[in-house]
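> I'd like to ask you about the structure that follows.
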Amino acid sequence: MASLLLGFFLFLLPFAYAGHNYADALSKSILFFEAQRSGYLPHDQRVNWRADSGLYDGKASGVDLVGGYYDAGDNVKFGLPMAFTITMMSWSIVEYGKQIAQSGELGHAMEAVKWGTDYLIKAHPEPNVLYGEVGDGNTDHNCWQRPEDMTTDRRAYRIDTNNPGSDLAGETAAAMAAASIVFRHSNPSYSNELINHAKQLFEFADKYRGKYDSSITVAQKYYRSYSGYADELLWAATWLYQATNDQYYLNYLGSNGDSLGGTGWAMTEFGWDVKYAGVQVLVSKFLMQGKGAQYSSEFEKYQQKAEYFMCSCLGKGSRNVQRTPGGLLFRQRWNNLQFVTSATFLLTVYSDYLSSAGKSLSCPAGTVPASEVLAFAQSQMDYILGDNPRATSYMVGYGSNYPRQVHHRASSIVSIKVNPSFVSCRGGYNTWYSRKMSDPNLLVGAIVGGPDAYDNFADERDNYEQTEPATYNNAPLLGILSRLSSGKGGFNQLLPVVVPSPQPVYKPQPKPSPAPATTVSPIAVQQRTTTSWTAKGKIYYRYSTLVTNKSAKTVKDLKLSISKLYGPLWGLSWSGGAYQFPTWMESLPAGKTLEFVYIQSASPADVSVSSYTMA
């Protein structure tokens, strides 16, 4: 009887962890990015416990740096990890856009990318100028405040020809080039704009070489570029070749592989600092596609290093990545899952490259079929989602047992919409940081730092090594989860990529309110395109915006919020952090309309009424 029971248990064991809802995890992983947004939040913001923040970013430097993402549980905008996050989200969509579309999440995924690229465009106001940080990690880490309450230094830091940063500029070029592929069909003018920025940034990075943290020294304690900038130069060239098919960038990879380390460095990690493995995987793709025949011997060296990475992760190499007793790849105790998700993405996509080419992986320990590579990638994702010795999901909000005391300022402090009382710098530490209770706001979809080398995990807010999330932990999941949710069928990843246009299938669930706000507001905002033209290959639009007072009273002290504005504007004045009546107007009488216009080579800006008074 005992042997029968044991056999029955062993039969059931594979199914005990089966059935992960990858589509649900995908939806949650994208939602996390909305919680990390800085700036003016859009009308369709789904994480409704967040509010506008960082609305004066860049103003002291005479540049608009409102927007972008907070990197982790703090309120600083670090350019290097933010750009890497956008590159990885874009790569996910480039590879698996059709699968993301099948899950109904392509629109949200593309919005997440665009929220980042909109900011990167602002951060690159001149060809050889790039703002790489807003805020200061030292002062920020001394405070525990909601983003909406920030009193910390919001100074902006930049690189330029006298203060270079090839790693930062290179990663930002890669992000914009990768994102340009995402928007190529649905928003061609925006895609072209991204390509232009990417080309300028690559030229800047290559011509004026230097480490960014030597120029932006405040980043050294938090995001020091230990690997230097050579990997980012190759990374940027790789993505620019994919985006433009320009032979110049393929030649760059073929001619500089040895000198910049692409053919020499055999890596066992991939992340926001070290890009070599990503470069090697993509160059392997080019080789399998039959591109760059004149560099075939050089590209084969890249591929050898790519396969070294794969074999090391699989435990079949000459120098293998450490694993926990529960089978999780382990590199370091501080936010180890960032390396797991990035490595898992490379394993996932490389398995599809191999499958598409009808090849297997050659490791020192033997030949590994593509299906086994994908199966190992799945095992890593399943561990994160709960198939581990603690039966803990390391994605907040997924499953029934997940971290409740996340090291994250915004989620750990009551929403400003629930309690608008100001939370001071040290008061946040005294009241909220030390609170031994679940977070008042659920940070749905966040991947936290994860367990230690022995699968142990302490769900405590001050345990930042294990409970702090980060955008770059989540970014690779868009690709991994969409691939796993689509089943075991193979895809030909070597064919030309066409990212489908997102279908407007998602509609926010109706809320029990009397009527939409636009029907009850006394001020109506209406936008229209009045004309368009093409100049130097870009399409420009002239937008007219009408602001109408529909009430029976006079509107005074009108303040408008305008985000996603990239061109010149006429008909309003800027004062006190908001757009206001032009200097020749003091009020808007009942039934009257104010018109202002702006020009840009992008979709219409988001215009909303921030405040007003009635006379």
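Ligands are numbered from 1 in the order shown, residues from 1 within each chain, and chains are lettered A, B, ... in the order they appear in the structure tokens.
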Would you list, as JSON, numbers by chain, the residues of range 77-159 of chain A that end up in alpha helix (DSSP H) under DSSP run on this structure's backbone?

{"A": [79, 80, 81, 82, 83, 84, 85, 86, 87, 88, 89, 90, 91, 92, 93, 94, 95, 96, 97, 98, 99, 100, 101, 102, 106, 107, 108, 109, 110, 111, 112, 113, 114, 115, 116, 117, 118, 119, 120, 121, 122, 137, 138, 139, 140]}

> DSSP on the backbone: which residues in range 299-496 of chain A end up as strand (DSSP E)? Give the answer as a PyMOL selection string.

chain A and resi 361-363+366-368

> Figure out the distance between CA of Ala446 in chain A and CA of Gln405 in chain A, please, to one decimal in Å.

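Straight-line distance from CA of Gln405 in chain A to CA of Ala446 in chain A works out to 12.1 Å.
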
> Let me make sure I understand: among A:Asp153, A:Glu133, A:Glu34, A:Glu193, which one has the smallest atom-to-atom distance to Ala51 in chain A if we use only C-alpha atoms?

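Of A:Asp153, A:Glu133, A:Glu34, A:Glu193, the one nearest Ala51 in chain A is A:Glu34, counting only C-alpha atoms.
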
> Tell me, as a PyMOL selection string, which residues lie within 8 Å of range 290-300 of chain A, counting only C-alpha atoms; anything in the same chain fewer than 5 positions away does not count.

chain A and resi 250+254+257+263+283-284

> So that I can check the surroundings of range 523-536 of chain A, please list as a ChimeraX atom specification every protein, DNA and RNA residue that reaches within 12 Å of it, counting only C-alpha atoms and ignoring chain neighbours fewer than 5 positions away.

/A:189,192-193,196,517-518,541-556,558-562,588-614

> Select from range 54-89 of chain A every residue with an atom at most 12 Å from any atom of range 339-350 of chain A, then for each give the shortest pair of atoms and their distance in Å to one decimal, using only C-alpha atoms, rows by chain and rising number, as JSON lines.


```
{"residue": "A:Phe84", "atom": "CA", "partner": "A:Ser342", "partner_atom": "CA", "distance": 10.8}
{"residue": "A:Thr85", "atom": "CA", "partner": "A:Ser342", "partner_atom": "CA", "distance": 10.4}
{"residue": "A:Thr87", "atom": "CA", "partner": "A:Ser342", "partner_atom": "CA", "distance": 11.7}
{"residue": "A:Met88", "atom": "CA", "partner": "A:Ser342", "partner_atom": "CA", "distance": 8.5}
{"residue": "A:Met89", "atom": "CA", "partner": "A:Phe345", "partner_atom": "CA", "distance": 10.8}
```

> Those same residues, written as a PDB file, in the first residue's frame with N, CA and C atoms?


```pdb
ATOM      1  N   PHE A  84      17.499  50.448 -20.358  1.00  0.00           N
ATOM      2  CA  PHE A  84      17.580  48.992 -20.501  1.00  0.00           C
ATOM      3  C   PHE A  84      16.194  48.358 -20.360  1.00  0.00           C
ATOM      4  N   THR A  85      15.404  48.877 -19.436  1.00  0.00           N
ATOM      5  CA  THR A  85      14.026  48.394 -19.267  1.00  0.00           C
ATOM      6  C   THR A  85      13.241  48.535 -20.562  1.00  0.00           C
ATOM      7  N   THR A  87      14.471  48.840 -23.616  1.00  0.00           N
ATOM      8  CA  THR A  87      15.024  47.947 -24.633  1.00  0.00           C
ATOM      9  C   THR A  87      14.450  46.547 -24.482  1.00  0.00           C
ATOM     10  N   MET A  88      14.391  46.052 -23.250  1.00  0.00           N
ATOM     11  CA  MET A  88      13.926  44.682 -23.025  1.00  0.00           C
ATOM     12  C   MET A  88      12.426  44.545 -23.254  1.00  0.00           C
ATOM     13  N   MET A  89      11.646  45.549 -22.887  1.00  0.00           N
ATOM     14  CA  MET A  89      10.224  45.505 -23.213  1.00  0.00           C
ATOM     15  C   MET A  89      10.025  45.484 -24.721  1.00  0.00           C
TER      16      MET A  89
END
```

> Nearest to Phe376 in chain A among A:Tyr276, A:Ile447, A:Leu314, A:Gly62, with distances taken over only C-alpha atoms: which residue is it?

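For Phe376 in chain A, the nearest of the candidates is A:Leu314.
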